[in-house]
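The structure appears below as C-alpha cells.
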Amino acid sequence: YVIVATPYKLSFDYLKVCAEVEAASDEALAMHPSLPLFSIGHSAGSLLHLLSDCLLRPPQRAGAVLVCYNNRPAEGAIPLGAVAPVAKTLNDEGPLQDAIRDALARTRKLAEDATIEVAASGAAPRSFGSEFLTIAAEGFEVVEQVPDLFVDVAEGAKEFFPSVEQNKELFASSYPPSSPVLLLGFQGDFFDDTEILAPILKSAGIDVTSPQKLKGSHVTPLTQDPLISTPLDSFDPLLPLRRTVRNRVIEPMWRMRGEILPFLRKHT
C-alpha cells in the first residue's frame, strides 16, 4: 500500500477544505495510477471524504474506510456563545489585540524551539527527534489554525457549510453506488455519528460493512506507540513492563487494523 496523508486547515466551509485537500493530494496520487484508491478518514476527515466522493471526485475509488464519522451543527461542536465575543475582540484592531496576537505567536515559537533543542541534545533518545518531534510539529500546526477559526466566527460564521441536513440529503442521492464503505466506531466515543450515517448509505444501495464497535474512544485512532527505543534497552530491567504497557495501549489499533485490512483486500 501507498499511503497519501494530506493535512488540511480547519474551516466552517467544508467544500473549501475538500477542494484544498484534493489539490494537495493530486500530484501524489498521479504517481501511482495503477493502484486502487481507498479513502480513509477519521472524524471530520471521514466527512470530508464523503463530500469529496459526492461532489469532486470521479467515481473511481475502490472503497472508503470511515472511522469515528462525525458531523454535527456548529453549536454542538463549538460553544459559539462564549467564543464569538472573544473572537470579535481578538479580531479587532488595536494595541491590546496586537499584544495578544504577538504573545500567542511568541509562546508557540518558544515551545517549538524548546522541543527542537531537546531533540538535538544528547539527553534525549535518538528516536525523540524522528518520532516525538514530528508529532509535536503536527500539534503546533493545529494550534496555528485556531486564530483563523476565530476570524471566521468574528466575521459572523454560525454554521458549517454544507449543513448536517444538507449532507444527509447529498449522501443519500450522490454517493457513488460502486464504492463500498467500511464504518468503524468505538464503544466510548460520544462524538460518533456512524449510527446516523449507516442507514442513509444503506438506503441508497451502498455496500456498507459496519462491524461491532471496538473498545476505545474518539481519540483511539490517534494513538502513538509509547515505547521509544533507546541504546540502553538491553540494560533496562523495566523493559518487559514497558512492553506490556505498550501492548495494552496499542491493542485497539491492532483490532482496528484487523477490520481494515480484510476490507481493503476484499475490494482490491
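Ligands are numbered from 1 in the order shown, chains are lettered A, B, ... in the order of the C-alpha cells, and residues start at 1 in each chain.
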
Long-range neighbours of Arg72 (chain A) as a list in words, 12 Å cut-off, only C-alpha atoms, 5 positions minimum in chain
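Answer for this query is Phe12, Ser43, Ala44, Leu47, Ala77, Ile78, Glu159, Phe160, Phe161, Pro162, Ser163, Val164, Glu165, Gln166, Asn167, Lys168, Phe190, Phe191, Asp192, Asp193, Thr194, Ile196 and Leu197 of chain A.
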
Create the file for the chosen residues now, containing N, CA and C atoms and written as a PDB file, in the first residue's frame.
```
ATOM      1  N   PHE A  12     -15.080  26.670   8.535  1.00  0.00           N
ATOM      2  CA  PHE A  12     -16.521  26.453   8.555  1.00  0.00           C
ATOM      3  C   PHE A  12     -17.031  26.024   7.181  1.00  0.00           C
ATOM      4  N   SER A  43     -13.045  10.987  11.937  1.00  0.00           N
ATOM      5  CA  SER A  43     -13.829  12.110  12.441  1.00  0.00           C
ATOM      6  C   SER A  43     -14.218  13.056  11.298  1.00  0.00           C
ATOM      7  N   ALA A  44     -13.783  14.309  11.350  1.00  0.00           N
ATOM      8  CA  ALA A  44     -14.101  15.253  10.272  1.00  0.00           C
ATOM      9  C   ALA A  44     -13.483  14.809   8.953  1.00  0.00           C
ATOM     10  N   LEU A  47     -15.990  12.833   7.060  1.00  0.00           N
ATOM     11  CA  LEU A  47     -16.970  13.716   6.435  1.00  0.00           C
ATOM     12  C   LEU A  47     -16.417  14.334   5.157  1.00  0.00           C
ATOM     13  N   ALA A  77     -20.692  21.621  18.302  1.00  0.00           N
ATOM     14  CA  ALA A  77     -19.264  21.329  18.238  1.00  0.00           C
ATOM     15  C   ALA A  77     -18.414  22.445  18.842  1.00  0.00           C
ATOM     16  N   ILE A  78     -18.921  23.680  18.776  1.00  0.00           N
ATOM     17  CA  ILE A  78     -18.179  24.846  19.267  1.00  0.00           C
ATOM     18  C   ILE A  78     -19.119  25.696  20.120  1.00  0.00           C
ATOM     19  N   GLU A 159     -22.552  28.556  11.214  1.00  0.00           N
ATOM     20  CA  GLU A 159     -22.859  27.180  10.869  1.00  0.00           C
ATOM     21  C   GLU A 159     -21.901  26.662   9.814  1.00  0.00           C
ATOM     22  N   PHE A 160     -21.632  25.362   9.880  1.00  0.00           N
ATOM     23  CA  PHE A 160     -20.797  24.740   8.864  1.00  0.00           C
ATOM     24  C   PHE A 160     -21.567  24.652   7.548  1.00  0.00           C
ATOM     25  N   PHE A 161     -20.815  24.661   6.457  1.00  0.00           N
ATOM     26  CA  PHE A 161     -21.426  24.527   5.135  1.00  0.00           C
ATOM     27  C   PHE A 161     -20.734  23.411   4.369  1.00  0.00           C
ATOM     28  N   PRO A 162     -21.507  22.462   3.837  1.00  0.00           N
ATOM     29  CA  PRO A 162     -22.950  22.275   3.950  1.00  0.00           C
ATOM     30  C   PRO A 162     -23.363  21.896   5.382  1.00  0.00           C
ATOM     31  N   SER A 163     -24.639  22.116   5.665  1.00  0.00           N
ATOM     32  CA  SER A 163     -25.153  21.812   6.993  1.00  0.00           C
ATOM     33  C   SER A 163     -25.339  20.302   7.163  1.00  0.00           C
ATOM     34  N   VAL A 164     -25.645  19.887   8.367  1.00  0.00           N
ATOM     35  CA  VAL A 164     -25.857  18.462   8.653  1.00  0.00           C
ATOM     36  C   VAL A 164     -26.969  17.896   7.780  1.00  0.00           C
ATOM     37  N   GLU A 165     -28.089  18.589   7.682  1.00  0.00           N
ATOM     38  CA  GLU A 165     -29.217  18.093   6.897  1.00  0.00           C
ATOM     39  C   GLU A 165     -28.894  18.074   5.408  1.00  0.00           C
ATOM     40  N   GLN A 166     -28.185  19.079   4.934  1.00  0.00           N
ATOM     41  CA  GLN A 166     -27.776  19.090   3.524  1.00  0.00           C
ATOM     42  C   GLN A 166     -26.854  17.914   3.208  1.00  0.00           C
ATOM     43  N   ASN A 167     -25.983  17.593   4.147  1.00  0.00           N
ATOM     44  CA  ASN A 167     -25.083  16.466   3.939  1.00  0.00           C
ATOM     45  C   ASN A 167     -25.843  15.146   3.863  1.00  0.00           C
ATOM     46  N   LYS A 168     -26.826  14.988   4.722  1.00  0.00           N
ATOM     47  CA  LYS A 168     -27.629  13.755   4.700  1.00  0.00           C
ATOM     48  C   LYS A 168     -28.289  13.571   3.334  1.00  0.00           C
ATOM     49  N   PHE A 190     -18.367   9.445  22.291  1.00  0.00           N
ATOM     50  CA  PHE A 190     -19.609  10.218  22.401  1.00  0.00           C
ATOM     51  C   PHE A 190     -19.769  11.211  21.249  1.00  0.00           C
ATOM     52  N   PHE A 191     -18.789  11.252  20.354  1.00  0.00           N
ATOM     53  CA  PHE A 191     -18.851  12.158  19.209  1.00  0.00           C
ATOM     54  C   PHE A 191     -19.175  11.413  17.905  1.00  0.00           C
ATOM     55  N   ASP A 192     -19.344  10.108  18.003  1.00  0.00           N
ATOM     56  CA  ASP A 192     -19.515   9.263  16.821  1.00  0.00           C
ATOM     57  C   ASP A 192     -20.941   9.354  16.283  1.00  0.00           C
ATOM     58  N   ASP A 193     -21.069   9.671  14.990  1.00  0.00           N
ATOM     59  CA  ASP A 193     -22.374   9.742  14.331  1.00  0.00           C
ATOM     60  C   ASP A 193     -22.541   8.632  13.288  1.00  0.00           C
ATOM     61  N   THR A 194     -21.764   7.544  13.452  1.00  0.00           N
ATOM     62  CA  THR A 194     -21.819   6.440  12.499  1.00  0.00           C
ATOM     63  C   THR A 194     -23.215   5.835  12.410  1.00  0.00           C
ATOM     64  N   ILE A 196     -25.977   7.215  12.595  1.00  0.00           N
ATOM     65  CA  ILE A 196     -26.850   8.055  11.779  1.00  0.00           C
ATOM     66  C   ILE A 196     -26.515   7.883  10.304  1.00  0.00           C
ATOM     67  N   LEU A 197     -25.227   7.756  10.004  1.00  0.00           N
ATOM     68  CA  LEU A 197     -24.777   7.656   8.618  1.00  0.00           C
ATOM     69  C   LEU A 197     -25.106   6.314   7.984  1.00  0.00           C
TER      70      LEU A 197
END
```

Residues near Gly216 (chain A), cut-off 7 Å, only C-alpha atoms, skip fewer than 5 positions along chain, as a ChimeraX atom specification
/A:186-188,252

For region 52-69 of chain A, find every residue with an atom within 9 Å (counting only C-alpha atoms), except residues of its own chain fewer than 3 positions away, and show them as a PyMOL selection string.
chain A and resi 15+18-19+22+36-49+170-171+173-186+189+191-194+197+217-219+221+260+263-264+267-268

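Taking CA of Gln224 (chain A) and CA of His32 (chain A) as the two end points, the separation is 27.8 Å.
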
The distance between CA of Pro211 (chain A) and CA of Glu259 (chain A) is 8.2 Å

What is the distance between CA of Asp225 (chain A) and CA of Asn71 (chain A), in Å to one decimal?
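For CA of Asp225 (chain A) relative to CA of Asn71 (chain A), the distance reads 28.4 Å.
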
When distances are computed from only C-alpha atoms, which of A:Pro73, A:Lys16, A:Thr209, A:Lys109 shows the smallest separation from Lys266 (chain A)?
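Selected residue with least distance to Lys266 (chain A): A:Thr209.
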